[in-house]
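Undergrad: This is the structure I have questions about; it appears just below.
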Amino acid sequence: MTEQMIKEFDKYIYSNILEDELFKTNYSLKPNTESAYIMTFNGKQAQKIVEHFYKNSNVGLDRKIKAASKVLEWKPKRKMLGHKSYSQISDLLIQGYLVREIVEELDVSLSTINKVKEIIKLPIKRRKY
């Protein structure tokens with residue numbers, strides 16, 4: 001895919017499939033190329049996209065259909081947080097709650113809180129060893 005194709009596909013994905021998603025697509029230049037890009041989706045995002053394009057499709061390459069089936073059968077190993085949970089974390093951070101208070105209140109990990117801090121552009125305090 002060229003960079004322009006990536007941007008158009010990204011726009012389509014977030015307008016039609018992943019409308020409520022908090023995270024944006026990761027894409028990068030394919031190694032050893034000058035204009036080919038790779039898009040990366042994980043977990044539920046990948047499932048939603050594959051479901052959109054392959055679930056009721058009657059046409060497709062066997063190897064693509066087989067790969068799509070594997071993605072659709074995937075189950076997360078741990079509890080995934082939804083948009084509402086991320087909003088709750090954001091609200092508590094903005095209100096000035098301490099990280100340990102949020103961990104106790106919402107039963108989420110420190111890495112999840114740091115991810116939300118990163119998204120809403122709050123500084124992440126690192127321990128000094």
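So you can find residues: chains in the structure tokens are A, B, ... in the order shown, residues in each start at 1, and ligands are numbered from 1 in order.
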Please provide the set of residues having any atom within 10 Å of stretch 91-106 of chain A, restricted to only C-alpha atoms, with same-chain residues fewer than 4 positions apart removed, written as an mmCIF file with C-alpha atoms, in the first residue's frame.

TA:
```
data_model
loop_
_atom_site.group_PDB
_atom_site.id
_atom_site.type_symbol
_atom_site.label_atom_id
_atom_site.label_comp_id
_atom_site.auth_asym_id
_atom_site.auth_seq_id
_atom_site.Cartn_x
_atom_site.Cartn_y
_atom_site.Cartn_z
ATOM 1 C CA SER A 85 -13.491 2.192 31.146
ATOM 2 C CA TYR A 86 -10.893 4.346 29.395
ATOM 3 C CA SER A 87 -13.197 7.348 29.808
ATOM 4 C CA LEU A 110 -0.654 0.551 36.075
ATOM 5 C CA THR A 112 -3.412 0.659 31.439
ATOM 6 C CA ILE A 113 -3.425 3.919 33.383
ATOM 7 C CA ASN A 114 -0.121 4.947 31.765
ATOM 8 C CA VAL A 116 -4.514 6.467 29.050
ATOM 9 C CA LYS A 117 -2.133 9.153 30.363
ATOM 10 C CA ILE A 120 -4.599 12.318 26.915
ATOM 11 C CA LEU A 122 -0.513 13.666 30.782
#
```

Undergrad: Work out how far apart atom CA of A:Val50 and atom CA of A:Ile38 are and give it in Å to one decimal.

TA: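 These atoms are spaced 16.1 Å apart.
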
Undergrad: Out of A:Glu118, A:Asp20, A:Glu51, A:Glu3, which residue has the shortest atom-to-atom distance to A:Tyr37 when counting only C-alpha atoms?

TA: A:Glu3

Undergrad: Name the residues of chain A that fall into alpha helix (DSSP H) according to DSSP on the backbone, using the chain letters and numbers of this document, as a compact mmCIF listing (two decimals) with N, CA and C atoms, in the first residue's frame.

TA:
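selection.txt, written as the output of this step:
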```txt
# COMPACT_ATOMS: atom_id res chain seq x y z
N GLU A 3 1.40 5.37 0.85
CA GLU A 3 1.00 6.19 2.00
C GLU A 3 -0.40 6.77 1.79
N GLN A 4 -0.71 7.22 0.59
CA GLN A 4 -2.04 7.76 0.29
C GLN A 4 -3.12 6.69 0.47
N MET A 5 -2.85 5.47 0.01
CA MET A 5 -3.81 4.37 0.18
C MET A 5 -4.03 4.07 1.66
N ILE A 6 -2.95 4.08 2.43
CA ILE A 6 -3.03 3.84 3.87
C ILE A 6 -3.95 4.88 4.51
N LYS A 7 -3.75 6.13 4.17
CA LYS A 7 -4.56 7.19 4.77
C LYS A 7 -6.03 7.06 4.40
N GLU A 8 -6.31 6.72 3.16
CA GLU A 8 -7.70 6.54 2.73
C GLU A 8 -8.34 5.32 3.40
N PHE A 9 -7.58 4.22 3.49
CA PHE A 9 -8.08 3.01 4.15
C PHE A 9 -8.33 3.29 5.63
N ASP A 10 -7.40 4.01 6.25
CA ASP A 10 -7.51 4.39 7.65
C ASP A 10 -8.80 5.21 7.87
N LYS A 11 -9.05 6.15 6.98
CA LYS A 11 -10.25 6.98 7.07
C LYS A 11 -11.51 6.10 6.94
N TYR A 12 -11.49 5.16 6.02
CA TYR A 12 -12.62 4.25 5.83
C TYR A 12 -12.84 3.40 7.08
N ILE A 13 -11.75 2.82 7.59
CA ILE A 13 -11.83 1.94 8.77
C ILE A 13 -12.47 2.68 9.95
N TYR A 14 -11.97 3.90 10.24
CA TYR A 14 -12.45 4.62 11.42
C TYR A 14 -13.80 5.31 11.19
N SER A 15 -14.26 5.39 9.95
CA SER A 15 -15.59 5.94 9.66
C SER A 15 -16.65 4.84 9.63
N ASN A 16 -16.27 3.60 9.28
CA ASN A 16 -17.25 2.54 9.06
C ASN A 16 -17.16 1.33 9.97
N GLY A 43 -5.88 -7.61 18.22
CA GLY A 43 -7.03 -8.07 18.98
C GLY A 43 -8.38 -7.79 18.37
N LYS A 44 -9.23 -7.14 19.16
CA LYS A 44 -10.61 -6.88 18.77
C LYS A 44 -10.69 -6.00 17.52
N GLN A 45 -9.74 -5.05 17.38
CA GLN A 45 -9.73 -4.22 16.18
C GLN A 45 -9.59 -5.10 14.94
N ALA A 46 -8.64 -6.01 14.98
CA ALA A 46 -8.41 -6.91 13.85
C ALA A 46 -9.66 -7.75 13.58
N GLN A 47 -10.29 -8.23 14.64
CA GLN A 47 -11.50 -9.04 14.46
C GLN A 47 -12.61 -8.24 13.79
N LYS A 48 -12.81 -7.01 14.24
CA LYS A 48 -13.87 -6.19 13.64
C LYS A 48 -13.62 -5.95 12.15
N ILE A 49 -12.37 -5.69 11.80
CA ILE A 49 -12.03 -5.42 10.40
C ILE A 49 -12.21 -6.68 9.56
N VAL A 50 -11.69 -7.79 10.04
CA VAL A 50 -11.82 -9.05 9.30
C VAL A 50 -13.28 -9.44 9.16
N GLU A 51 -14.04 -9.28 10.23
CA GLU A 51 -15.47 -9.60 10.18
C GLU A 51 -16.18 -8.74 9.13
N HIS A 52 -15.83 -7.47 9.08
CA HIS A 52 -16.44 -6.55 8.11
C HIS A 52 -16.21 -7.01 6.67
N PHE A 53 -14.99 -7.46 6.38
CA PHE A 53 -14.65 -7.81 5.01
C PHE A 53 -14.89 -9.27 4.64
N TYR A 54 -14.87 -10.19 5.62
CA TYR A 54 -14.91 -11.62 5.29
C TYR A 54 -16.09 -12.41 5.82
N ASP A 62 -8.53 -19.01 -0.79
CA ASP A 62 -8.59 -19.99 0.30
C ASP A 62 -7.68 -19.61 1.46
N ARG A 63 -6.45 -19.20 1.15
CA ARG A 63 -5.50 -18.87 2.22
C ARG A 63 -5.96 -17.64 3.01
N LYS A 64 -6.63 -16.70 2.35
CA LYS A 64 -7.14 -15.50 3.03
C LYS A 64 -8.33 -15.87 3.92
N ILE A 65 -9.21 -16.71 3.42
CA ILE A 65 -10.37 -17.15 4.19
C ILE A 65 -9.92 -17.95 5.41
N LYS A 66 -8.92 -18.77 5.24
CA LYS A 66 -8.38 -19.57 6.35
C LYS A 66 -7.78 -18.64 7.42
N ALA A 67 -7.02 -17.65 6.98
CA ALA A 67 -6.43 -16.69 7.92
C ALA A 67 -7.52 -15.88 8.62
N ALA A 68 -8.54 -15.47 7.87
CA ALA A 68 -9.65 -14.71 8.45
C ALA A 68 -10.38 -15.54 9.51
N SER A 69 -10.57 -16.81 9.25
CA SER A 69 -11.23 -17.69 10.22
C SER A 69 -10.46 -17.76 11.53
N LYS A 70 -9.13 -17.83 11.44
CA LYS A 70 -8.29 -17.86 12.65
C LYS A 70 -8.46 -16.58 13.46
N VAL A 71 -8.49 -15.45 12.78
CA VAL A 71 -8.65 -14.17 13.47
C VAL A 71 -10.03 -14.11 14.14
N LEU A 72 -11.05 -14.55 13.45
CA LEU A 72 -12.41 -14.49 14.01
C LEU A 72 -12.60 -15.44 15.19
N GLU A 73 -11.83 -16.52 15.25
CA GLU A 73 -11.92 -17.48 16.35
C GLU A 73 -11.11 -17.06 17.58
N HIS A 83 -14.38 1.32 25.82
CA HIS A 83 -14.27 2.77 25.73
C HIS A 83 -14.71 3.45 27.03
N LYS A 84 -15.76 2.93 27.64
CA LYS A 84 -16.28 3.50 28.88
C LYS A 84 -15.23 3.44 30.00
N SER A 85 -14.52 2.33 30.12
CA SER A 85 -13.49 2.19 31.15
C SER A 85 -12.36 3.19 30.94
N TYR A 86 -11.94 3.37 29.68
CA TYR A 86 -10.89 4.35 29.40
C TYR A 86 -11.37 5.75 29.73
N SER A 87 -12.63 6.03 29.48
CA SER A 87 -13.20 7.35 29.81
C SER A 87 -13.20 7.56 31.32
N GLN A 88 -13.54 6.51 32.06
CA GLN A 88 -13.54 6.62 33.53
C GLN A 88 -12.14 6.90 34.05
N ILE A 89 -11.15 6.20 33.49
CA ILE A 89 -9.76 6.42 33.91
C ILE A 89 -9.36 7.86 33.59
N SER A 90 -9.68 8.33 32.38
CA SER A 90 -9.36 9.71 31.99
C SER A 90 -9.99 10.71 32.94
N ASP A 91 -11.27 10.50 33.24
CA ASP A 91 -11.98 11.42 34.14
C ASP A 91 -11.31 11.49 35.51
N LEU A 92 -10.96 10.32 36.06
CA LEU A 92 -10.32 10.29 37.38
C LEU A 92 -8.94 10.95 37.35
N LEU A 93 -8.18 10.72 36.29
CA LEU A 93 -6.86 11.36 36.17
C LEU A 93 -7.00 12.88 36.10
N ILE A 94 -7.93 13.34 35.30
CA ILE A 94 -8.15 14.78 35.15
C ILE A 94 -8.62 15.41 36.46
N VAL A 99 -2.76 7.53 41.07
CA VAL A 99 -2.78 6.29 40.30
C VAL A 99 -3.21 5.11 41.17
N ARG A 100 -2.69 5.03 42.38
CA ARG A 100 -3.06 3.89 43.24
C ARG A 100 -4.54 3.91 43.59
N GLU A 101 -5.14 5.10 43.67
CA GLU A 101 -6.57 5.20 43.93
C GLU A 101 -7.38 4.69 42.74
N ILE A 102 -6.90 4.99 41.53
CA ILE A 102 -7.59 4.52 40.32
C ILE A 102 -7.46 3.01 40.20
N VAL A 103 -6.28 2.48 40.51
CA VAL A 103 -6.06 1.02 40.47
C VAL A 103 -7.05 0.34 41.40
N GLU A 104 -7.18 0.86 42.61
CA GLU A 104 -8.11 0.27 43.59
C GLU A 104 -9.57 0.44 43.18
N GLU A 105 -9.92 1.62 42.72
CA GLU A 105 -11.30 1.94 42.38
C GLU A 105 -11.81 1.14 41.18
N LEU A 106 -10.98 1.05 40.11
CA LEU A 106 -11.45 0.44 38.86
C LEU A 106 -10.85 -0.94 38.58
N LEU A 110 -1.44 -0.67 36.21
CA LEU A 110 -0.65 0.55 36.08
C LEU A 110 -0.36 0.84 34.60
N SER A 111 -0.07 -0.20 33.83
CA SER A 111 0.23 0.01 32.41
C SER A 111 -0.99 0.56 31.66
N THR A 112 -2.19 0.13 32.06
CA THR A 112 -3.41 0.66 31.44
C THR A 112 -3.57 2.14 31.75
N ILE A 113 -3.32 2.51 32.99
CA ILE A 113 -3.42 3.92 33.38
C ILE A 113 -2.39 4.75 32.63
N ASN A 114 -1.16 4.23 32.51
CA ASN A 114 -0.12 4.95 31.77
C ASN A 114 -0.48 5.09 30.29
N LYS A 115 -1.13 4.08 29.73
CA LYS A 115 -1.58 4.16 28.33
C LYS A 115 -2.58 5.29 28.16
N VAL A 116 -3.52 5.40 29.11
CA VAL A 116 -4.51 6.47 29.05
C VAL A 116 -3.83 7.82 29.23
N LYS A 117 -2.88 7.90 30.17
CA LYS A 117 -2.13 9.15 30.36
C LYS A 117 -1.45 9.59 29.07
N GLU A 118 -0.88 8.62 28.39
CA GLU A 118 -0.20 8.90 27.13
C GLU A 118 -1.19 9.45 26.09
N ILE A 119 -2.35 8.84 26.01
CA ILE A 119 -3.37 9.25 25.04
C ILE A 119 -3.86 10.67 25.32
```

Undergrad: Grab the atom CA of A:Ser109 to atom CA of A:Leu18 distance for me, in Å with one decimal place.

TA: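 Separation between atom CA of A:Ser109 and atom CA of A:Leu18: 24.3 Å.
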
Undergrad: As a list of chain:residue names, which residues of chain A does DSSP assign to strand (DSSP E)?

TA: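 Secondary structure check on chain A, strand (DSSP E): A:Asn26, A:Tyr27, A:Ser28, A:Leu29, A:Tyr37, A:Ile38, A:Met39, A:Thr40.
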
Undergrad: State, in Å with one decimal place, the distance from atom CA of A:Lys24 to atom CA of A:Ile124.

TA: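 Going from atom CA of A:Lys24 over to atom CA of A:Ile124 covers 20.1 Å.
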